[in-house]
Every structure is written in C-alpha cells, then in structure tokens.
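Engineer: Data: upload-v3.cif, mmCIF, C-alpha atoms and all ligand atoms.
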data_input
loop_
_atom_site.label_atom_id
_atom_site.label_comp_id
_atom_site.auth_asym_id
_atom_site.auth_seq_id
_atom_site.Cartn_x
_atom_site.Cartn_y
_atom_site.Cartn_z
CA MET A 249 130.14 103.75 84.72
CA ASP A 250 126.53 102.66 85.05
CA GLU A 251 126.33 101.55 88.68
CA ARG A 252 123.44 99.21 87.80
CA GLN A 253 125.81 96.96 85.91
CA THR A 254 127.61 95.75 89.04
CA ASP A 255 126.70 92.36 90.45
CA SER A 256 125.59 92.98 94.04
CA VAL A 257 121.98 91.95 94.59
CA PRO A 258 120.23 92.18 97.96
CA PRO A 259 117.76 89.36 98.67
CA GLU A 260 114.11 89.63 97.65
CA PRO A 261 111.83 91.22 100.26
CA ARG A 262 110.23 88.65 102.53
CA ALA A 263 106.85 88.80 104.18
CA SER A 264 106.75 90.28 107.65
CA ALA A 265 104.21 89.94 110.40
CA ARG A 266 104.06 93.72 110.52
CA ALA A 267 102.91 93.86 106.92
CA GLY A 268 100.34 91.13 107.50
CA PHE A 269 97.41 93.44 107.95
CA LEU A 270 97.97 94.94 104.54
CA HIS A 271 98.71 91.61 102.94
CA ALA A 272 95.38 90.26 104.10
CA ALA A 273 93.65 93.29 102.66
CA HIS A 274 95.43 93.13 99.35
CA SER A 275 96.22 89.55 98.46
CA ALA A 276 92.73 88.96 97.07
CA ASN A 277 92.88 91.72 94.51
CA GLU A 278 96.59 92.22 93.99
CA GLN A 279 96.24 92.56 90.25
CA GLU A 280 93.77 95.43 90.48
CA ASN A 281 95.99 97.20 93.00
CA ARG A 282 98.92 97.18 90.64
CA CYS A 283 96.92 99.28 88.12
CA PRO A 284 99.43 98.38 85.39
CA SER A 285 98.30 101.07 82.98
CA ILE A 286 98.31 104.05 85.34
CA SER A 287 101.55 105.64 86.46
CA HIS A 288 101.76 107.86 89.51
CA THR A 289 104.51 110.06 90.90
CA ALA A 290 105.36 109.76 94.57
CA TYR A 291 108.06 111.12 96.86
CA LEU A 292 109.52 108.92 99.56
CA GLY A 293 111.54 110.01 102.60
CA LEU A 294 114.43 107.79 103.70
CA GLY A 295 116.07 107.74 107.13
CA SER A 296 118.60 105.60 108.99
CA ASN A 297 120.48 106.03 112.26
CA LEU A 298 121.52 102.47 113.08
CA GLY A 299 124.28 100.29 111.62
CA ASP A 300 125.63 101.07 108.15
CA ARG A 301 123.44 104.12 107.61
CA LEU A 302 124.55 105.00 104.08
CA GLY A 303 124.55 101.33 103.07
CA SER A 304 120.96 101.01 104.28
CA LEU A 305 119.83 104.09 102.34
CA ARG A 306 121.53 102.76 99.20
CA ALA A 307 120.00 99.32 99.69
CA ALA A 308 116.57 100.93 100.06
CA VAL A 309 116.95 102.86 96.80
CA TYR A 310 118.12 99.70 95.07
CA ALA A 311 115.29 97.56 96.48
CA LEU A 312 112.65 100.16 95.58
CA ASP A 313 113.93 100.43 92.02
CA LYS A 314 114.00 96.66 91.63
CA HIS A 315 110.45 96.21 92.98
CA ASP A 316 107.62 95.42 90.57
CA GLY A 317 105.66 98.56 89.77
CA ILE A 318 108.22 101.01 91.23
CA ARG A 319 110.95 102.93 89.41
CA VAL A 320 113.27 105.42 91.08
CA ASP A 321 113.92 108.48 88.93
CA ARG A 322 117.68 108.06 89.06
CA ASP A 323 118.38 110.99 86.70
CA HIS A 324 116.69 113.85 88.56
CA GLY A 325 114.83 112.29 91.45
CA VAL A 326 117.47 111.38 94.02
CA ALA A 327 118.17 114.00 96.69
CA ALA A 328 121.47 114.57 98.46
CA VAL A 329 122.04 112.84 101.78
CA TYR A 330 121.75 114.97 104.94
CA GLU A 331 123.15 114.21 108.37
CA THR A 332 120.55 115.29 110.89
CA SER A 333 120.08 115.34 114.64
CA PRO A 334 117.34 113.00 115.91
CA VAL A 335 113.95 114.61 116.49
CA GLY A 336 111.84 113.06 119.27
CA GLY A 337 112.15 109.53 120.60
CA PRO A 338 114.60 108.20 123.20
CA ARG A 339 117.53 110.42 124.27
CA ASP A 340 121.10 109.92 123.04
CA GLN A 341 120.24 108.35 119.68
CA PRO A 342 122.87 108.42 116.96
CA LEU A 343 122.65 111.05 114.22
CA TYR A 344 120.47 110.19 111.23
CA LEU A 345 121.19 110.14 107.57
CA ASN A 346 118.12 111.35 105.68
CA SER A 347 117.31 111.64 102.01
CA ALA A 348 114.38 111.47 99.59
CA VAL A 349 113.61 109.99 96.18
CA ARG A 350 111.03 110.51 93.46
CA ILE A 351 109.45 107.34 92.11
CA THR A 352 107.01 106.54 89.37
CA THR A 353 104.71 103.73 90.38
CA THR A 354 101.78 101.71 89.15
CA LEU A 355 100.97 100.70 92.74
CA ASP A 356 98.11 102.37 94.55
CA PRO A 357 99.05 104.09 97.85
CA HIS A 358 98.07 101.12 100.04
CA PHE A 359 99.98 98.61 97.99
CA LEU A 360 102.94 101.00 97.87
CA LEU A 361 102.92 101.12 101.69
CA PHE A 362 102.65 97.33 101.81
CA SER A 363 105.69 97.05 99.52
CA ILE A 364 107.63 99.59 101.57
CA LEU A 365 106.96 97.64 104.78
CA HIS A 366 108.33 94.52 103.08
CA ILE A 367 111.47 96.34 101.97
CA GLU A 368 112.00 97.85 105.45
CA SER A 369 111.62 94.41 107.01
CA ASP A 370 114.03 92.89 104.53
CA LEU A 371 116.60 95.56 105.37
CA GLY A 372 116.46 94.68 109.06
CA ARG A 373 113.93 97.20 110.38
CA GLU A 374 112.75 96.31 113.87
CA ARG A 375 110.13 98.38 115.62
CA GLY A 376 110.58 99.36 119.26
CA GLU A 377 109.65 102.51 121.10
CA ARG A 378 108.09 105.23 118.93
CA TRP A 379 110.72 107.18 116.97
CA SER A 380 113.50 104.99 118.32
CA ALA A 381 116.68 104.33 116.30
CA ARG A 382 116.17 102.34 113.10
CA THR A 383 118.20 100.75 110.31
CA ILE A 384 115.80 102.11 107.73
CA ASP A 385 112.61 104.14 107.61
CA ILE A 386 110.80 104.75 104.33
CA ASP A 387 107.85 107.15 104.42
CA ILE A 388 105.42 108.12 101.68
CA LEU A 389 105.70 111.91 101.70
CA LEU A 390 103.60 112.81 98.64
CA TYR A 391 101.62 110.75 96.11
CA ASP A 392 100.47 112.74 93.07
CA HIS A 393 98.30 115.50 94.55
CA LEU A 394 96.43 113.05 96.73
CA THR A 395 95.29 113.71 100.27
CA LEU A 396 94.38 110.67 102.34
CA ASP A 397 93.68 110.41 106.05
CA GLU A 398 93.23 106.84 107.19
CA GLU A 399 94.24 105.03 110.37
CA ARG A 400 97.14 103.23 108.64
CA LEU A 401 98.07 105.74 105.96
CA THR A 402 98.13 109.52 105.83
CA ILE A 403 99.26 111.37 102.69
CA PRO A 404 100.97 113.82 102.59
CA HIS A 405 102.99 112.51 105.53
CA PRO A 406 101.40 114.27 108.52
CA ARG A 407 104.65 115.72 109.93
CA LEU A 408 106.37 116.54 106.64
CA HIS A 409 106.01 120.32 107.03
CA GLU A 410 107.38 120.38 110.60
CA ARG A 411 110.67 118.69 109.85
CA ARG A 412 113.81 120.08 108.38
CA PHE A 413 115.22 116.56 107.95
CA VAL A 414 112.34 115.89 105.51
CA LEU A 415 112.03 119.29 103.81
CA ALA A 416 115.76 119.72 103.10
CA PRO A 417 116.11 116.62 100.90
CA LEU A 418 112.60 116.98 99.49
CA SER A 419 113.46 120.54 98.37
CA ASP A 420 116.26 119.07 96.23
CA ILE A 421 113.80 117.12 94.07
CA ALA A 422 110.35 118.64 94.66
CA GLY A 423 110.96 122.26 95.64
CA ASP A 424 108.19 123.59 93.37
CA MET A 425 105.62 120.95 94.28
CA THR A 426 102.63 122.30 96.16
CA HIS A 427 101.70 120.55 99.39
CA PRO A 428 98.11 119.56 98.57
CA GLY A 429 96.83 120.18 102.10
CA LEU A 430 98.71 123.38 102.94
CA GLY A 431 98.82 125.11 99.55
CA LEU A 432 102.49 126.13 99.91
CA SER A 433 105.39 124.79 97.90
CA ILE A 434 107.95 122.52 99.54
CA GLN A 435 110.53 125.33 99.26
CA GLU A 436 108.15 127.78 100.93
CA LEU A 437 107.52 125.31 103.75
CA ALA A 438 111.28 124.85 104.16
CA ARG A 439 111.86 128.63 104.32
CA LYS A 440 109.05 129.02 106.84
CA LEU A 441 110.64 126.39 109.03
CA ASP A 442 114.06 128.07 108.70
CA VAL A 443 112.57 131.27 110.12
CA ASN A 444 110.20 129.88 112.76
CA GLY A 445 111.17 126.27 113.36
CA PRO A 446 113.40 124.49 115.86
CA SER A 447 117.12 124.60 115.12
CA GLU A 448 117.79 120.92 114.47
CA ARG A 449 121.13 120.11 112.85
CA VAL A 450 120.90 119.36 109.12
CA VAL A 451 124.17 119.05 107.19
CA ARG A 452 124.17 118.37 103.44
CA LEU A 453 126.60 115.70 102.26
CA PRO A 454 127.81 115.48 98.62
CA ASP A 455 125.30 114.80 95.80
CA GLN A 456 124.79 111.38 94.26
CA LEU A 457 125.84 109.38 97.33
CA LEU A 458 122.74 107.23 96.99
CA LEU A 459 123.31 106.15 93.40
CA VAL A 460 126.15 103.82 94.28
CA ARG A 461 125.08 100.18 94.37
CA PRO A 462 124.84 98.77 97.91
CA THR A 463 127.55 96.35 98.99
CA PRO A 464 126.12 92.81 99.28
CA PRO A 465 126.21 91.50 102.88
CA ALA A 466 128.57 88.64 101.96
CA ALA A 467 131.21 91.06 100.71
CA LYS A 468 131.18 93.20 103.85
CA ARG A 469 134.08 92.83 106.25
N1 LIG B 501 101.84 105.51 108.16
C1 LIG B 501 100.85 106.43 108.07
N2 LIG B 501 101.10 107.29 107.08
C2 LIG B 501 102.28 106.90 106.52
C3 LIG B 501 103.05 107.41 105.42
N3 LIG B 501 102.67 108.50 104.72
N4 LIG B 501 104.21 106.75 105.09
C4 LIG B 501 101.82 104.43 109.15
C5 LIG B 501 104.61 105.64 105.79
N5 LIG B 501 103.91 105.12 106.85
C6 LIG B 501 102.75 105.75 107.19
O1 LIG B 501 105.42 103.93 110.86
C7 LIG B 501 104.28 103.63 111.63
C8 LIG B 501 103.08 103.48 110.72
O2 LIG B 501 102.79 104.72 110.13
C9 LIG B 501 103.22 102.56 109.53
O3 LIG B 501 103.04 101.21 109.84
C10 LIG B 501 102.11 103.05 108.60
O4 LIG B 501 100.93 102.26 108.76
P1 LIG B 501 106.80 103.28 111.27
O5 LIG B 501 107.71 103.42 110.11
O6 LIG B 501 106.55 101.95 111.86
O7 LIG B 501 107.27 104.13 112.49
P2 LIG B 501 107.84 105.60 112.52
O8 LIG B 501 108.45 105.98 111.24
O9 LIG B 501 108.66 105.72 113.77
O10 LIG B 501 106.49 106.36 112.77
P3 LIG B 501 106.12 107.78 112.32
O11 LIG B 501 105.11 108.25 113.33
O12 LIG B 501 105.73 107.82 110.87
O13 LIG B 501 107.45 108.54 112.53
P4 LIG B 501 107.99 109.71 111.71
O14 LIG B 501 107.06 110.86 111.88
O15 LIG B 501 108.37 109.27 110.35
O16 LIG B 501 109.27 110.03 112.55
N6 LIG B 501 114.75 112.41 113.29
C11 LIG B 501 115.59 112.55 112.26
N7 LIG B 501 116.62 113.44 112.33
N8 LIG B 501 115.44 111.83 111.11
C12 LIG B 501 114.41 110.93 110.96
O17 LIG B 501 114.30 110.29 109.91
N9 LIG B 501 112.39 109.95 111.96
C13 LIG B 501 111.51 109.88 112.92
C14 LIG B 501 110.29 109.09 112.71
C15 LIG B 501 111.68 110.62 114.20
N10 LIG B 501 112.85 111.45 114.23
C16 LIG B 501 113.71 111.55 113.20
C17 LIG B 501 113.48 110.78 112.04
MG MG B 502 108.05 105.39 108.93
#
What's the structure tokens form of this structure?

Structural biologist:
Amino acid sequence: MDERQTDSVPPEPRASARAGFLHAAHSANEQENRCPSISHTAYLGLGSNLGDRLGSLRAAVYALDKHDGIRVDRDHGVAAVYETSPVGGPRDQPLYLNSAVRITTTLDPHFLLFSILHIESDLGRERGERWSARTIDIDILLYDHLTLDEERLTIPHPRLHERRFVLAPLSDIAGDMTHPGLGLSIQELARKLDVNGPSERVVRLPDQLLLVRPTPPAAKR
C-alpha cells in the first residue's frame, strides 16, 4: 500500500519566535531564495528523545516531504532508525531515536534552515539547556558539496564526524559521499569512529520504520 494515500495530515508549520531572525532576513526576497529551477541534494539528521519518539520522526519526514521546495527521497533516501544513548547535555535523559533522510530541495541552505526551524516548532520543539531532551531535532548534515561556516549555520554539521548516532544512519544512505571538509567518505568516518571513538550505544531498528504515515494527534489515545 502507498502510505501517502492515508488521510492523516499534520497541521501546517506556524511561525515561531525562534525562526524570526531568519524570517526577517528572508521575507523580502523569498522568491529568489526558493531558486525554483535549481535542485540540490541535502542530508538531514533526525533525533527525538521526548514523547512519542517514532511518531515525531515520522511526522518530521512527512512535514519535510510536504513542504514547498523539499522532497524526501522515499525510495532510497530514508535510513533505518537507531536507538542511541544521549551524548552530552543533562544527565539521565531518555534514549534517543535517530535517523537521517536524503532530500532534494530548491531552497538555499538558509531558507532550508528557516523551514526546518518552522517544522521543529510545529512538532513541539522547545529549547532549554544545550543538548537537553527534545521532541524533535532536525539538522542539516550535508548540502551538495558545500562548506559554510556562519554564526547561524555551519555545513557540514560541525559535529557530524564525532557522532555515531549521526554516522550510523547517514551511512545507510550516503556511505560513499565524501565529507567536503575532511575528504573522507561517511563510511570511512564511521569506521574511524568505531576504532577510536567513544562507545556510545547505537542499536539499529528495522528498516522502513519512518515511511509509515504519522498518526494525527486527534486519533491518538
Ligand atoms: N545551526 C548551525 N548549523 C546548523 C546545521 N547544520 N543544522 C544552528 C541545523 N542547525 C544548525 O540548534 C541550534 C542552532 O544551531 C540552530 O538554531 C541553528 O542556527 P538547535 O537545534 O536549537 O539545538 P541543538 O540541536 O541542541 O544544538 P546543536 O549544537 O546543533 O546540537 P547537536 O550537535 O545537534 O547535538 N545524543 C544522541 N544520542 N542523539 C542526538 O540526536 N543530539 C544532540 C544535539 C546531543 N546529543 C544527542 C543528540
Ligand atoms: Mg539541531
């Protein structure tokens, strides 16, 4: 069955104060930022360790795919879900679910981040202490072969290569991609971390868990 045919539809993203800084920067030339004729490939990391973790990851995939200028590569671009122990932040946080998706997008990196912040806000993301528990976190891991180092946006994600909870799902869908700053493939970075890195828990759950439509809030018990 094509899961897209079911009738659950999360609400449209709403503006958030957090996204305001980007909105101000982009509202004036929104059309140019959408670059309708140019398509880019980006990889996004997804994480959740609060509430209905799997439901939040599914809702994020659904919202991304439904967003203007973003398409999730549902055939070959959705990683497995991994249950991972929290890295950094307050003690005694719940375990995370992490995954990653490949998107094609006509949005430039700044407008993509702006859109992601909207989606996170719409899915109940609240920001507290750094690296504290969250309903949903969506990070831009890679965007074409771009490198960007700005106050509000760094691409590739600056800690991508240090984290098994990022590299494990990213290896599923971008193992051969070269990290533009480090010159090693994602698989090579993952192997390096396996040998030298910290031993955080990363357990792979079955494939395709993310392609199930999210349950609409009204239908939840
Ligand atoms: N920002 C800069 N570059 C990017 C980028 N490439 N993608 C800025 C997305 N955002 C980027 O992010 C803070 C700000 O980073 C954004 O407003 C944007 O302007 P945030 O989502 O508010 O907060 P965060 O995610 O807590 O910050 P940070 O520093 O990006 O955290 P990390 O490095 O993503 O780590 N353990 C497990 N097991 N699984 C996890 O998913 N996640 C974190 C967060 C810590 N420990 C974890 C996990
Ligand atoms: Mg984040």

Engineer: Once you count all atoms listed in the file, which residues end up within 7 Å of ligand LIG 501 (chain B), and could you hand them over as a PyMOL selection string?

Structural biologist: chain A and resi 294-296+332-337+343-346+361+375+378-380+385-389+400-405+407+413

Engineer: So, with all atoms listed in the file as the atoms that count, which of A:Ser419, A:Ala308, A:His393, A:Arg411 lies closest to Ser369 (chain A)?

Structural biologist: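 With all atoms listed in the file as the atom set, the closest residue is A:Ala308.
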
Engineer: Counting only C-alpha atoms, write as a ChimeraX atom specification all protein and nucleic acid residues lying at most 12 Å from (111.8, 120.6, 103.6) in the file's frame.

Structural biologist: /A:293,327,330,346-348,389,407-427,432-442,445,450

Engineer: Limited to C-alpha atoms, could you put the picked residues into a file as an mmCIF file, keeping the file's coordinate frame?

Structural biologist:
data_model
loop_
_atom_site.group_PDB
_atom_site.id
_atom_site.type_symbol
_atom_site.label_atom_id
_atom_site.label_comp_id
_atom_site.auth_asym_id
_atom_site.auth_seq_id
_atom_site.Cartn_x
_atom_site.Cartn_y
_atom_site.Cartn_z
ATOM 1 C CA GLY A 293 111.540 110.010 102.600
ATOM 2 C CA ALA A 327 118.170 114.000 96.690
ATOM 3 C CA TYR A 330 121.750 114.970 104.940
ATOM 4 C CA ASN A 346 118.120 111.350 105.680
ATOM 5 C CA SER A 347 117.310 111.640 102.010
ATOM 6 C CA ALA A 348 114.380 111.470 99.590
ATOM 7 C CA LEU A 389 105.700 111.910 101.700
ATOM 8 C CA ARG A 407 104.650 115.720 109.930
ATOM 9 C CA LEU A 408 106.370 116.540 106.640
ATOM 10 C CA HIS A 409 106.010 120.320 107.030
ATOM 11 C CA GLU A 410 107.380 120.380 110.600
ATOM 12 C CA ARG A 411 110.670 118.690 109.850
ATOM 13 C CA ARG A 412 113.810 120.080 108.380
ATOM 14 C CA PHE A 413 115.220 116.560 107.950
ATOM 15 C CA VAL A 414 112.340 115.890 105.510
ATOM 16 C CA LEU A 415 112.030 119.290 103.810
ATOM 17 C CA ALA A 416 115.760 119.720 103.100
ATOM 18 C CA PRO A 417 116.110 116.620 100.900
ATOM 19 C CA LEU A 418 112.600 116.980 99.490
ATOM 20 C CA SER A 419 113.460 120.540 98.370
ATOM 21 C CA ASP A 420 116.260 119.070 96.230
ATOM 22 C CA ILE A 421 113.800 117.120 94.070
ATOM 23 C CA ALA A 422 110.350 118.640 94.660
ATOM 24 C CA GLY A 423 110.960 122.260 95.640
ATOM 25 C CA ASP A 424 108.190 123.590 93.370
ATOM 26 C CA MET A 425 105.620 120.950 94.280
ATOM 27 C CA THR A 426 102.630 122.300 96.160
ATOM 28 C CA HIS A 427 101.700 120.550 99.390
ATOM 29 C CA LEU A 432 102.490 126.130 99.910
ATOM 30 C CA SER A 433 105.390 124.790 97.900
ATOM 31 C CA ILE A 434 107.950 122.520 99.540
ATOM 32 C CA GLN A 435 110.530 125.330 99.260
ATOM 33 C CA GLU A 436 108.150 127.780 100.930
ATOM 34 C CA LEU A 437 107.520 125.310 103.750
ATOM 35 C CA ALA A 438 111.280 124.850 104.160
ATOM 36 C CA ARG A 439 111.860 128.630 104.320
ATOM 37 C CA LYS A 440 109.050 129.020 106.840
ATOM 38 C CA LEU A 441 110.640 126.390 109.030
ATOM 39 C CA ASP A 442 114.060 128.070 108.700
ATOM 40 C CA GLY A 445 111.170 126.270 113.360
ATOM 41 C CA VAL A 450 120.900 119.360 109.120
#

Engineer: Residues within 8 Å of region 349-356 of chain A, please, as a list in words. Count only C-alpha atoms; anything in the same chain fewer than 5 positions from it doesn't count.

Structural biologist: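 Result of the neighbour search: Asn281, Arg282, Cys283, Pro284, Ser285, Ile286, Ser287, His288, Thr289, Ala290, Tyr291, Leu292, Gly293, Leu294, Val309, Gly317, Ile318, Arg319, Val320, Asp321, Gly325, Val326, Ala327, Leu418 and Ile421 of chain A.
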
Engineer: Rounded to one decimal, what separation in Å do you get between CA of His366 (chain A) and CA of Ile384 (chain A)?

Structural biologist: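 Atom-to-atom, CA of His366 (chain A) and CA of Ile384 (chain A) are spaced 11.6 Å apart.
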
Engineer: Which residue, A:Thr463, A:Thr395, A:Asn444, A:Thr383, has the smallest gap to ligand MG 502 (chain B) when you use only C-alpha atoms and all ligand atoms?

Structural biologist: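 Ranked by minimum distance to ligand MG 502 (chain B), first place goes to A:Thr383.
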
Engineer: Given all atoms listed in the file as the basis, pick out the residue of A:Pro454, A:Gly431, A:Pro406, A:Pro462 nearest to ligand MG 502 (chain B).

Structural biologist: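 Using all atoms listed in the file, ligand MG 502 (chain B) sits closest to A:Pro406.
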
Engineer: Which residue is closest to ligand MG 502 (chain B)? Choose from A:Val460, A:Leu360, A:Leu365, A:Ala307 and count all atoms listed in the file.

Structural biologist: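 For ligand MG 502 (chain B), the nearest of the candidates is A:Leu365.
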
Engineer: Which residue out of A:Asp313, A:Asp300, A:Glu368, A:Asp340 has the minimum interatomic distance to ligand MG 502 (chain B) when only C-alpha atoms and all ligand atoms are used?

Structural biologist: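 The closest residue to ligand MG 502 (chain B) is A:Glu368.
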
Engineer: Calculate how many Å separate CA of His358 (chain A) from CA of Leu312 (chain A), rounding to one decimal.

Structural biologist: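 Distance between the two atoms: 15.3 Å.
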
Engineer: Between A:Arg452, A:Pro464, A:Gly429, A:Ala381, which one has atoms that come closest to ligand MG 502 (chain B), using only C-alpha atoms and all ligand atoms?

Structural biologist: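 Among the listed residues, A:Ala381 lies closest to ligand MG 502 (chain B).
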
Engineer: Do you have the CA of Val451 (chain A)-CA of Arg339 (chain A) distance handy?

Structural biologist: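 Result for CA of Val451 (chain A) versus CA of Arg339 (chain A): 20.3 Å, one decimal.
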